[in-house]
file query27.cif (mmCIF, C-alpha atoms)
data_final
loop_
_atom_site.label_atom_id
_atom_site.label_comp_id
_atom_site.auth_asym_id
_atom_site.auth_seq_id
_atom_site.Cartn_x
_atom_site.Cartn_y
_atom_site.Cartn_z
CA MET A 130 8.14 -34.54 -11.68
CA LYS A 131 5.94 -36.53 -9.36
CA LEU A 132 2.26 -35.68 -9.74
CA SER A 133 -0.64 -36.39 -7.41
CA ARG A 134 -3.88 -37.74 -8.86
CA LYS A 135 -5.44 -34.27 -8.76
CA GLU A 136 -2.40 -32.71 -10.45
CA GLN A 137 -2.46 -35.35 -13.17
CA ALA A 138 -6.16 -34.74 -13.71
CA MET A 139 -5.51 -31.03 -14.17
CA LEU A 140 -2.68 -31.77 -16.59
CA ASP A 141 -4.92 -34.13 -18.56
CA GLY A 142 -7.51 -31.38 -18.99
CA GLU A 143 -10.16 -33.05 -16.87
CA LEU A 144 -10.73 -29.78 -14.95
CA GLY A 145 -10.71 -27.52 -17.99
CA GLU A 146 -8.24 -25.92 -20.38
CA PRO A 147 -7.13 -23.06 -18.08
CA ARG A 148 -5.94 -25.53 -15.42
CA ARG A 149 -4.37 -27.76 -18.06
CA TRP A 150 -2.37 -24.76 -19.34
CA ALA A 151 -1.45 -23.85 -15.77
CA MET A 152 -0.12 -27.32 -14.92
CA GLU A 153 1.85 -27.51 -18.18
CA HIS A 154 3.40 -24.12 -17.46
CA MET A 155 4.28 -25.15 -13.90
CA LEU A 156 5.82 -28.39 -15.11
CA GLN A 157 8.16 -26.46 -17.39
CA VAL A 158 9.19 -24.18 -14.52
CA GLY A 159 9.65 -27.12 -12.17
CA ARG A 160 11.77 -29.09 -14.63
CA PHE A 161 13.98 -26.06 -15.23
CA PHE A 162 14.67 -25.77 -11.50
CA ASP A 163 14.94 -29.54 -10.94
CA ALA A 164 11.89 -29.65 -8.68
CA VAL A 165 10.89 -33.16 -7.62
CA ASP A 166 7.22 -32.34 -7.07
CA PHE A 167 4.75 -29.57 -6.31
CA VAL A 168 3.86 -27.91 -3.02
CA GLU A 169 0.37 -26.72 -2.19
CA VAL A 170 0.12 -22.96 -1.71
CA THR A 171 -2.49 -21.04 0.25
CA GLN A 172 -2.26 -17.60 -1.37
CA ALA A 173 -1.14 -16.13 -4.70
CA HIS A 174 -0.18 -12.57 -5.58
CA ILE A 175 0.28 -11.47 -9.19
CA MET A 176 2.31 -8.71 -10.79
CA ALA A 177 0.65 -7.82 -14.08
CA ASP A 178 0.72 -4.10 -14.75
CA THR A 179 -0.56 -3.16 -18.18
CA GLU A 180 2.69 -1.48 -19.22
CA SER A 181 4.33 -4.89 -18.94
CA LEU A 182 1.37 -6.91 -20.21
CA GLY A 183 0.78 -4.86 -23.32
CA GLU A 184 -1.96 -5.75 -25.78
CA ALA A 185 -0.77 -9.35 -26.14
CA GLY A 186 -0.78 -10.03 -22.40
CA VAL A 187 -4.22 -8.53 -21.90
CA ALA A 188 -5.56 -10.52 -24.85
CA PHE A 189 -4.20 -13.72 -23.25
CA LEU A 190 -6.12 -12.94 -20.06
CA GLU A 191 -9.26 -12.13 -22.04
CA ASN A 192 -9.04 -15.48 -23.84
CA LEU A 193 -9.46 -17.20 -20.47
CA MET A 194 -12.77 -15.37 -20.03
CA ALA A 195 -14.24 -17.54 -22.81
CA TYR A 196 -14.16 -20.63 -20.58
CA PRO A 197 -16.94 -21.51 -18.12
CA PRO A 198 -16.59 -19.88 -14.66
CA GLY A 199 -15.92 -23.24 -13.02
CA GLU A 200 -12.88 -23.74 -15.25
CA ARG A 201 -11.34 -20.26 -15.10
CA GLN A 202 -11.89 -19.45 -11.40
CA VAL A 203 -8.78 -19.43 -9.21
CA ARG A 204 -8.73 -22.18 -6.56
CA ILE A 205 -7.04 -20.20 -3.75
CA PRO A 206 -7.23 -16.58 -2.55
CA MET A 207 -5.41 -14.50 -5.16
CA ILE A 208 -4.64 -10.79 -5.02
CA THR A 209 -3.00 -8.19 -7.27
CA ASP A 210 0.08 -5.99 -7.16
CA PRO A 211 -0.28 -2.22 -7.82
CA ARG A 212 -1.89 -1.24 -11.09
CA GLY A 213 -0.73 1.33 -13.63
CA ILE A 214 -3.73 3.65 -13.42
CA ASP A 215 -5.56 5.58 -10.72
CA PHE A 216 -8.80 6.23 -12.58
CA CYS A 217 -9.58 9.33 -10.51
CA HIS A 218 -6.33 11.07 -11.42
CA TYR A 219 -4.87 9.58 -14.59
CA GLN A 220 -5.77 12.59 -16.73
CA ARG A 221 -4.13 14.96 -14.27
CA LEU A 222 -0.99 12.80 -14.54
CA LYS A 223 -1.30 13.14 -18.34
CA GLN A 224 -1.74 9.44 -18.87
CA THR A 225 -3.87 8.63 -21.92
CA ASP A 226 -7.36 7.24 -22.36
CA GLU A 227 -5.80 4.31 -24.24
CA MET A 228 -3.81 3.42 -21.10
CA ALA A 229 -6.98 3.58 -19.02
CA VAL A 230 -8.93 1.37 -21.45
CA LEU A 231 -6.21 -1.30 -21.40
CA GLU A 232 -6.23 -1.17 -17.59
CA GLN A 233 -10.02 -1.58 -17.45
CA ARG A 234 -9.86 -4.60 -19.75
CA THR A 235 -7.27 -6.20 -17.50
CA ILE A 236 -9.36 -5.61 -14.41
CA GLU A 237 -12.41 -7.19 -16.01
CA ALA A 238 -10.40 -10.26 -17.00
CA PHE A 239 -8.95 -10.68 -13.50
CA GLU A 240 -12.32 -10.24 -11.84
CA SER A 241 -13.86 -12.86 -14.11
CA MET A 242 -11.36 -15.34 -12.64
CA GLY A 243 -12.20 -14.45 -9.06
CA ILE A 244 -8.97 -12.55 -8.46
CA LEU A 245 -9.28 -9.85 -5.79
CA MET A 246 -8.16 -6.44 -7.06
CA THR A 247 -6.24 -5.40 -3.95
CA ASN A 248 -3.72 -3.43 -6.04
CA THR A 249 -0.97 -3.37 -3.45
CA CYS A 250 2.65 -4.28 -2.83
CA ILE A 251 2.18 -3.96 0.95
CA ASN A 252 -0.40 -6.71 1.40
CA TYR A 253 1.66 -7.95 4.37
CA GLN A 254 0.77 -4.68 6.14
CA THR A 255 -2.87 -4.62 5.11
CA ILE A 256 -4.38 -7.90 3.87
CA MET A 257 -4.15 -11.27 5.66
CA PRO A 258 -0.37 -11.42 6.20
CA PRO A 259 0.96 -14.98 5.97
CA VAL A 260 2.29 -16.88 8.96
CA ARG A 261 5.55 -18.71 9.50
CA GLY A 262 5.89 -21.82 7.36
CA GLU A 263 2.99 -20.94 5.03
CA HIS A 264 3.74 -21.76 1.39
CA LEU A 265 2.83 -18.99 -1.06
CA ALA A 266 3.08 -18.01 -4.72
CA PHE A 267 3.85 -14.29 -4.48
CA GLY A 268 5.10 -12.08 -7.28
CA ASP A 269 6.32 -8.64 -6.21
CA THR A 270 9.94 -8.77 -5.03
CA GLY A 271 9.29 -6.52 -2.03
CA VAL A 272 6.33 -8.67 -1.03
CA VAL A 273 8.31 -11.89 -1.32
CA ILE A 274 11.37 -10.75 0.63
CA TYR A 275 9.26 -9.29 3.45
CA CYS A 276 7.05 -12.35 3.78
CA ASN A 277 10.01 -14.75 3.64
CA SER A 278 12.23 -12.78 5.99
CA VAL A 279 10.02 -10.95 8.47
CA LEU A 280 7.12 -13.42 8.64
CA GLY A 281 8.95 -16.70 7.95
CA ALA A 282 6.67 -17.71 5.07
CA TYR A 283 7.90 -19.66 2.02
CA SER A 284 7.77 -18.15 -1.48
CA ASN A 285 9.90 -17.74 -4.56
CA PHE A 286 9.66 -14.77 -6.90
CA GLU A 287 6.78 -15.82 -9.16
CA GLY A 288 6.54 -14.21 -12.59
CA GLY A 289 3.07 -13.18 -13.75
CA PRO A 290 2.24 -16.39 -15.68
CA SER A 291 3.54 -18.57 -12.84
CA ALA A 292 1.54 -16.69 -10.22
CA LEU A 293 -1.60 -17.05 -12.34
CA ALA A 294 -0.89 -20.75 -12.81
CA ALA A 295 -0.49 -21.13 -9.05
CA GLY A 296 -3.83 -19.42 -8.50
CA LEU A 297 -5.55 -21.76 -10.95
CA THR A 298 -3.99 -24.93 -9.52
CA GLY A 299 -3.17 -24.15 -5.89
CA ARG A 300 0.33 -25.49 -6.60
CA THR A 301 3.85 -24.28 -7.31
CA PRO A 302 7.03 -26.28 -7.98
CA ARG A 303 8.92 -27.21 -4.82
CA TYR A 304 12.29 -25.54 -5.40
CA GLY A 305 14.26 -22.57 -4.11
CA LEU A 306 12.91 -21.11 -0.87
CA HIS A 307 10.25 -23.79 -0.49
CA LEU A 308 13.17 -26.00 0.62
CA ASP A 309 14.67 -25.45 4.07
CA GLN A 310 18.23 -26.10 2.93
CA ASN A 311 18.07 -23.07 0.63
CA ARG A 312 17.11 -20.76 3.49
CA ARG A 313 20.48 -21.00 5.27
CA ALA A 314 22.65 -17.87 5.23
CA THR A 315 25.37 -17.71 2.59
CA ARG A 316 26.61 -14.12 3.24
CA ARG A 317 27.23 -12.41 6.57
CA PHE A 318 27.18 -8.66 7.25
CA HIS A 319 27.99 -6.72 10.43
CA ILE A 320 26.43 -3.25 10.79
CA ALA A 321 28.86 -0.76 12.36
CA HIS A 322 26.64 2.30 11.87
CA GLN A 323 22.99 2.29 12.88
CA PRO A 324 20.38 3.35 10.30
CA GLU A 325 18.04 6.15 11.37
CA HIS A 326 15.60 7.18 8.64
CA LEU A 327 13.63 4.87 6.35
CA SER A 328 15.98 5.92 3.55
CA ASP A 329 18.91 4.73 5.69
CA TRP A 330 17.31 1.32 6.03
CA GLY A 331 16.79 1.31 2.27
CA ALA A 332 20.43 2.26 1.70
CA LEU A 333 21.52 -0.58 3.96
CA GLY A 334 19.36 -2.93 1.89
CA GLY A 335 20.86 -1.56 -1.31
CA ILE A 336 24.40 -2.18 -0.06
CA VAL A 337 23.66 -5.70 1.17
CA GLY A 338 21.81 -6.52 -2.04
CA SER A 339 24.64 -5.21 -4.21
CA HIS A 340 27.22 -7.25 -2.28
CA SER A 341 25.04 -10.37 -2.45
CA GLY A 342 23.98 -9.99 -6.07
CA SER A 343 22.20 -13.28 -6.61
CA TYR A 344 18.82 -14.88 -6.13
CA TRP A 345 20.56 -17.84 -4.50
CA GLU A 346 22.43 -15.78 -1.87
CA VAL A 347 20.87 -15.42 1.59
CA PRO A 348 22.40 -12.63 3.70
CA VAL A 349 22.39 -12.61 7.49
CA ILE A 350 22.79 -9.22 9.17
CA GLU A 351 24.11 -8.70 12.70
CA GLY A 352 24.88 -5.63 14.76
CA ILE A 353 21.47 -3.92 14.62
CA GLU A 354 20.98 -2.31 18.03
CA SER A 355 17.38 -1.04 17.83
CA LEU A 356 14.37 -3.10 16.82
CA PRO A 357 13.18 -2.05 13.34
CA GLY A 358 9.46 -1.63 12.73
CA SER A 359 7.43 -2.85 9.80
CA ASP A 360 8.19 0.20 7.63
CA GLU A 361 11.93 -0.08 8.30
CA MET A 362 11.88 -3.75 7.34
CA LYS A 363 9.79 -2.90 4.28
CA HIS A 364 12.34 -0.42 2.94
CA LEU A 365 15.28 -2.67 3.87
CA GLY A 366 13.86 -5.66 2.01
CA ALA A 367 12.50 -3.80 -1.03
CA ALA A 368 15.91 -2.22 -1.66
CA MET A 369 17.78 -5.48 -1.08
CA ALA A 370 15.60 -7.30 -3.58
CA SER A 371 15.93 -4.48 -6.11
CA PHE A 372 19.71 -4.19 -5.92
CA GLY A 373 20.52 -7.89 -5.56
CA SER A 374 17.52 -10.04 -6.55
CA VAL A 375 17.65 -11.29 -2.96
CA PRO A 376 14.42 -13.03 -1.83
CA LEU A 377 15.33 -13.70 1.82
CA PHE A 378 17.46 -12.17 4.56
CA HIS A 379 17.96 -12.89 8.24
CA LEU A 380 18.33 -10.23 10.92
CA VAL A 381 19.89 -11.77 14.02
CA GLY A 382 17.61 -11.58 17.03
CA VAL A 383 14.75 -10.10 14.98
CA THR A 384 13.55 -12.31 12.12
CA PRO A 385 11.90 -15.61 13.10
CA GLU A 386 14.43 -18.01 11.61
CA ALA A 387 17.43 -16.23 13.16
CA PRO A 388 17.08 -15.99 16.95
CA THR A 389 20.87 -16.44 16.98
CA LEU A 390 23.57 -16.27 14.32
CA GLU A 391 24.20 -19.98 14.77
CA SER A 392 20.58 -20.72 13.84
CA VAL A 393 21.17 -19.79 10.20
CA CYS A 394 24.90 -20.31 9.57
CA ASP A 395 28.24 -21.54 10.88
CA PRO A 396 29.89 -18.29 12.10
CA VAL A 397 33.36 -19.82 11.93
CA SER A 398 33.16 -20.55 8.20
CA LEU A 399 31.24 -17.38 7.21
CA GLU A 400 33.32 -14.25 7.61
CA ALA A 401 31.46 -11.00 8.28
CA GLU A 402 31.59 -8.07 5.86
CA VAL A 403 31.43 -4.77 7.78
CA ILE A 404 29.12 -1.96 6.64
CA GLY A 405 29.94 1.39 8.26
CA GLU A 406 28.98 5.06 8.08
CA ALA A 407 31.28 5.70 5.11
CA ASP A 408 29.50 3.01 3.12
CA LEU A 409 26.10 4.62 3.71
CA GLU A 410 27.44 8.09 2.88
CA ALA A 411 28.97 6.78 -0.35
CA PHE A 412 25.66 5.16 -1.27
CA PHE A 413 23.71 8.42 -0.86
CA ALA A 414 26.42 10.34 -2.73
CA ARG A 415 25.67 8.31 -5.86
CA TYR A 416 22.41 10.25 -6.20
CA GLY A 417 23.25 13.95 -6.16
CA GLY A 418 21.53 17.09 -7.39
CA LYS A 419 21.78 19.37 -4.35
CA GLY A 420 20.73 22.88 -5.25
CA GLU A 421 19.13 21.80 -8.51
CA LYS A 422 15.49 22.37 -9.41
CA VAL A 423 13.37 19.39 -8.39
CA ASP A 424 10.52 18.55 -10.76
CA VAL A 425 8.69 15.85 -8.83
CA VAL A 426 8.92 14.28 -5.38
CA VAL A 427 7.56 10.74 -5.28
CA PHE A 428 6.79 8.53 -2.29
CA SER A 429 6.20 5.11 -3.84
CA ALA A 430 7.81 1.69 -4.31
CA PRO A 431 6.84 0.45 -1.80
CA GLN A 432 3.45 2.03 -1.24
CA LEU A 433 3.05 4.14 1.90
CA SER A 434 1.71 2.63 5.10
CA LEU A 435 -0.82 4.49 7.24
CA MET A 436 2.01 5.56 9.55
CA GLU A 437 4.00 6.96 6.63
CA MET A 438 0.90 8.83 5.47
CA GLN A 439 0.59 10.36 8.94
CA SER A 440 4.26 11.39 8.92
CA LEU A 441 3.84 13.01 5.51
CA ALA A 442 0.71 14.86 6.62
CA GLU A 443 2.55 16.26 9.64
CA LEU A 444 5.43 17.47 7.49
CA LEU A 445 3.07 19.18 5.05
CA ASP A 446 0.70 20.77 7.58
CA GLY A 447 0.42 24.50 6.85
CA LYS A 448 2.88 24.28 3.95
CA THR A 449 2.45 24.89 0.22
CA LEU A 450 4.43 23.19 -2.51
CA HIS A 451 6.54 25.23 -4.90
CA ARG A 452 4.55 26.07 -8.01
CA ASP A 453 7.05 24.23 -10.24
CA THR A 454 7.28 21.05 -8.16
CA ASP A 455 4.81 18.16 -7.93
CA LEU A 456 4.56 15.77 -4.99
CA LEU A 457 2.95 12.34 -5.36
CA ALA A 458 2.09 10.15 -2.38
CA VAL A 459 1.25 6.63 -3.52
CA THR A 460 -0.53 4.15 -1.27
CA SER A 461 -2.81 1.12 -1.34
CA PRO A 462 -6.62 1.36 -1.62
CA VAL A 463 -6.98 0.03 1.94
CA VAL A 464 -4.58 2.60 3.41
CA ALA A 465 -6.07 5.36 1.25
CA ALA A 466 -9.54 4.66 2.64
CA ASP A 467 -8.29 4.80 6.22
CA ALA A 468 -6.18 7.88 5.52
CA ARG A 469 -9.19 9.63 3.98
CA ARG A 470 -11.38 8.73 6.95
CA LEU A 471 -8.74 10.07 9.35
CA GLY A 472 -8.32 13.32 7.45
CA LEU A 473 -4.76 12.55 6.35
CA VAL A 474 -5.49 12.75 2.61
CA GLU A 475 -7.08 16.18 3.01
CA ARG A 476 -4.10 17.42 5.02
CA ILE A 477 -1.62 16.13 2.43
CA GLU A 478 -3.51 17.46 -0.57
CA SER A 479 -4.12 20.89 0.98
CA SER A 480 -0.43 21.56 0.30
CA GLY A 481 -0.90 20.94 -3.42
CA ALA A 482 0.30 17.35 -3.26
CA LEU A 483 -1.61 14.46 -4.83
CA VAL A 484 -2.50 11.17 -3.13
CA LEU A 485 -2.66 8.25 -5.57
CA GLU A 486 -4.05 4.85 -4.68
CA GLY A 487 -3.69 1.35 -6.02
CA MET A 488 -0.79 2.12 -8.36
CA CYS A 489 3.00 2.28 -8.31
CA PHE A 490 4.95 5.09 -9.94
CA TYR A 491 7.43 3.07 -11.95
CA GLN A 492 4.71 0.67 -13.16
CA SER A 493 2.53 3.52 -14.41
CA TYR A 494 4.06 4.51 -17.73
CA ALA A 495 6.67 6.55 -15.86
CA ARG A 496 8.59 7.55 -19.00
CA GLU A 497 5.46 8.80 -20.73
CA MET A 498 4.37 10.71 -17.62
CA GLY A 499 7.81 12.27 -17.29
CA GLU A 500 7.83 13.44 -20.89
CA ALA A 501 4.25 14.75 -20.74
CA ASN A 502 4.75 16.64 -17.47
CA GLY A 503 8.33 17.80 -18.04
CA TRP A 504 9.62 15.79 -15.08
CA LYS A 505 13.33 15.07 -15.12
CA ARG A 506 14.80 15.50 -11.62
CA LEU A 507 12.93 13.15 -9.28
CA MET A 508 13.45 13.06 -5.51
CA THR A 509 12.39 10.20 -3.25
CA ASN A 510 13.14 8.43 0.01
CA SER A 511 12.69 5.04 -1.66
CA VAL A 512 15.96 3.31 -2.51
CA LYS A 513 14.08 0.83 -4.68
CA LEU A 514 12.56 3.62 -6.75
CA THR A 515 15.93 5.36 -6.99
CA ASN A 516 17.46 2.19 -8.39
CA ILE A 517 14.76 1.67 -11.00
CA ILE A 518 13.66 5.10 -12.17
CA GLY A 519 16.83 6.12 -13.99
CA GLY A 520 15.92 3.58 -16.64
CA TYR A 521 12.79 5.62 -17.39
CA GLY A 522 14.70 8.80 -18.19
CA TYR A 523 14.76 10.44 -14.75
CA GLU A 524 17.67 11.82 -12.73
CA PRO A 525 17.00 10.51 -9.19
CA THR A 526 17.99 12.06 -5.87
CA LEU A 527 17.75 10.04 -2.66
CA SER A 528 17.09 11.56 0.76
CA ASN A 529 14.89 11.14 3.82
CA MET A 530 11.22 12.11 3.88
CA GLU A 531 11.90 15.38 5.73
CA ASN A 532 14.37 16.60 3.10
CA CYS A 533 12.11 15.45 0.28
CA VAL A 534 9.24 17.54 1.63
CA ALA A 535 11.47 20.55 2.29
CA SER A 536 12.76 20.32 -1.28
CA ALA A 537 9.22 20.14 -2.69
CA ILE A 538 8.38 23.35 -0.81
CA ALA A 539 11.58 25.12 -1.83
CA GLY A 540 11.45 23.93 -5.42
CA GLU A 541 15.06 22.82 -5.29
CA ILE A 542 16.98 20.03 -3.59
CA VAL A 543 18.03 21.05 -0.10
#

call {"tool": "encode", "arguments": {"input": "query27.cif", "output": "structure tokens"}}
result
Amino acid sequence: MKLSRKEQAMLDGELGEPRRWAMEHMLQVGRFFDAVDFVEVTQAHIMADTESLGEAGVAFLENLMAYPPGERQVRIPMITDPRGIDFCHYQRLKQTDEMAVLEQRTIEAFESMGILMTNTCINYQTIMPPVRGEHLAFGDTGVVIYCNSVLGAYSNFEGGPSALAAGLTGRTPRYGLHLDQNRRATRRFHIAHQPEHLSDWGALGGIVGSHSGSYWEVPVIEGIESLPGSDEMKHLGAAMASFGSVPLFHLVGVTPEAPTLESVCDPVSLEAEVIGEADLEAFFARYGGKGEKVDVVVFSAPQLSLMEMQSLAELLDGKTLHRDTDLLAVTSPVVAADARRLGLVERIESSGALVLEGMCFYQSYAREMGEANGWKRLMTNSVKLTNIIGGYGYEPTLSNMENCVASAIAGEIV
């Protein structure tokens, strides 16, 4: 790979061991993907929940704390994905003190490097969203697909070590979606039935992702009649990335790189696959449980926006949850602060629900929480969470927010 003088200096250890490690790591990634050189990035976002890090990963981060601040400080703004612990509520969730201690150690290591503990997967809705053409090193799949697709920024899925290396160097290998030729559409979908609820948008994303099924596929979607908002795009992209590892999609007439179909593909050579009402119904039918007792209703993955918090508060006003059902509303620290100031947290929690901030349900020792609390049947409006949570021992049911709340009040799936 071609290196600039500054990159070579970092590789040679002239700017300290942390940056030398980072450049060596990035070189290995770049060579694997046949990158010719590096591209400068302006922001980095790291996924590094403690359940995934474990003792070894946290110890690696702590080893970096031994170096002088000038050597271990990140060179560009760097933020964090949701954490595994909400320190105000972890005991109520029956998480352990050992989990909390590991989380605190991780936080201290990150802060020593100048990483901002934003603890969110919706930074594009809350914290300095990137602009079109901006090169990034973002980690969370929902973050990457939204920023690539909706905002027109350039990022690959960066694993935790690669995101950290990008923060330390301000560089990432120039491959994948940092190259314009890889942003052209390779799959084409025509929507014959319009999505209504956020869960419908997620189901559409799940279907498109499943049909695409590859990091190197770029779907273009046509036939959408109403302009989706940020939350609709959030659920669409998060599900698409979860079901298909897709990092970029185009929505004709909506997303910045696709003002027309012809802008992103040759329509003659790319035949459209039709997605209709029956496809959406079949998708929802995969996650049953109607009439069964529901143990926990979870709104998470992605975290709730302020508008979603308002919708949830309105649905819960004057209502009380069933005594055998828990409801968890998970949001970012920024949204939580605004929601608390606006009285939304109080309205939600007056029903018996719990607002959690800065974490994500499936990254928070979900299996251990399920076993400790006796949670088995989980209901959600998040297609991404539905796709993931079965691997943690849950039986998921997918529905819209209204039905999820009604089920939490009734104690059974309606």

call {"tool": "residues_around", "arguments": {"input": "query27.cif", "residues": "A:Tyr196", "least_positions_apart": "4", "cutoff": "8 Å", "atoms": "all atoms listed in the file", "output": "PyMOL selection string"}}
result
chain A and resi 146-147+192+200-201

call {"tool": "closest_residue", "arguments": {"input": "query27.cif", "among": "A:Leu156, A:Val393, A:Leu333, A:Val375", "to": "A:Arg313", "atoms": "all atoms listed in the file"}}
result
A:Val393

call {"tool": "residues_around", "arguments": {"input": "query27.cif", "residues": "stretch 225-235 of chain A", "least_positions_apart": "4", "cutoff": "12 Å", "atoms": "only C-alpha atoms", "output": "PyMOL selection string"}}
result
chain A and resi 176-194+209+211-221+239-242+244+246+488+492-494+497-498+501

call {"tool": "residues_around", "arguments": {"input": "query27.cif", "residues": "A:Val463", "least_positions_apart": "4", "cutoff": "9 Å", "atoms": "all atoms listed in the file", "output": "PyMOL selection string"}}
result
chain A and resi 247+249+255-256+467-468+486-487

call {"tool": "residues_around", "arguments": {"input": "query27.cif", "residues": "A:Leu327", "least_positions_apart": "4", "cutoff": "7 Å", "atoms": "all atoms listed in the file", "output": "ChimeraX atom specification"}}
result
/A:331,361,364,529

call {"tool": "build_atoms", "arguments": {"input": "query27.cif", "residues": "stretch 198-217 of chain A", "atoms": "N, CA and C atoms", "output": "short mmCIF file (atom, residue, chain, number, x, y, z; two decimals), keeping the file's coordinate frame"}}
result
data_model
loop_
_atom_site.label_atom_id
_atom_site.label_comp_id
_atom_site.auth_asym_id
_atom_site.auth_seq_id
_atom_site.Cartn_x
_atom_site.Cartn_y
_atom_site.Cartn_z
N PRO A 198 -17.11 -20.36 -15.94
CA PRO A 198 -16.59 -19.88 -14.66
C PRO A 198 -15.93 -20.97 -13.83
N GLY A 199 -16.50 -22.15 -13.81
CA GLY A 199 -15.92 -23.24 -13.02
C GLY A 199 -14.53 -23.65 -13.47
N GLU A 200 -14.20 -23.37 -14.73
CA GLU A 200 -12.88 -23.74 -15.25
C GLU A 200 -11.85 -22.63 -15.09
N ARG A 201 -12.30 -21.37 -15.12
CA ARG A 201 -11.34 -20.26 -15.10
C ARG A 201 -11.17 -19.63 -13.71
N GLN A 202 -11.98 -20.04 -12.74
CA GLN A 202 -11.89 -19.45 -11.40
C GLN A 202 -10.64 -19.95 -10.68
N VAL A 203 -9.94 -19.03 -10.00
CA VAL A 203 -8.78 -19.43 -9.21
C VAL A 203 -9.24 -20.29 -8.04
N ARG A 204 -8.36 -21.20 -7.59
CA ARG A 204 -8.73 -22.18 -6.56
C ARG A 204 -8.33 -21.74 -5.16
N ILE A 205 -7.50 -20.70 -5.05
CA ILE A 205 -7.04 -20.20 -3.75
C ILE A 205 -7.20 -18.68 -3.74
N PRO A 206 -7.18 -18.05 -2.57
CA PRO A 206 -7.23 -16.58 -2.55
C PRO A 206 -6.08 -15.99 -3.36
N MET A 207 -6.42 -15.10 -4.28
CA MET A 207 -5.41 -14.50 -5.16
C MET A 207 -5.64 -13.00 -5.24
N ILE A 208 -4.55 -12.25 -5.08
CA ILE A 208 -4.64 -10.79 -5.02
C ILE A 208 -3.67 -10.19 -6.04
N THR A 209 -3.78 -8.86 -6.24
CA THR A 209 -3.00 -8.19 -7.27
C THR A 209 -2.01 -7.18 -6.69
N ASP A 210 -0.92 -7.01 -7.41
CA ASP A 210 0.08 -5.99 -7.16
C ASP A 210 -0.48 -4.63 -7.61
N PRO A 211 0.22 -3.52 -7.35
CA PRO A 211 -0.28 -2.22 -7.82
C PRO A 211 -0.54 -2.20 -9.32
N ARG A 212 -1.52 -1.40 -9.70
CA ARG A 212 -1.89 -1.24 -11.09
C ARG A 212 -1.14 -0.04 -11.70
N GLY A 213 -1.39 0.22 -12.96
CA GLY A 213 -0.73 1.33 -13.63
C GLY A 213 -1.55 2.60 -13.69
N ILE A 214 -2.81 2.52 -13.26
CA ILE A 214 -3.73 3.65 -13.42
C ILE A 214 -4.50 3.89 -12.13
N ASP A 215 -4.58 5.14 -11.70
CA ASP A 215 -5.56 5.58 -10.72
C ASP A 215 -6.63 6.31 -11.53
N PHE A 216 -7.79 5.70 -11.68
CA PHE A 216 -8.80 6.23 -12.58
C PHE A 216 -9.29 7.62 -12.20
N CYS A 217 -9.14 7.99 -10.94
CA CYS A 217 -9.58 9.33 -10.51
C CYS A 217 -8.60 10.42 -10.93
#
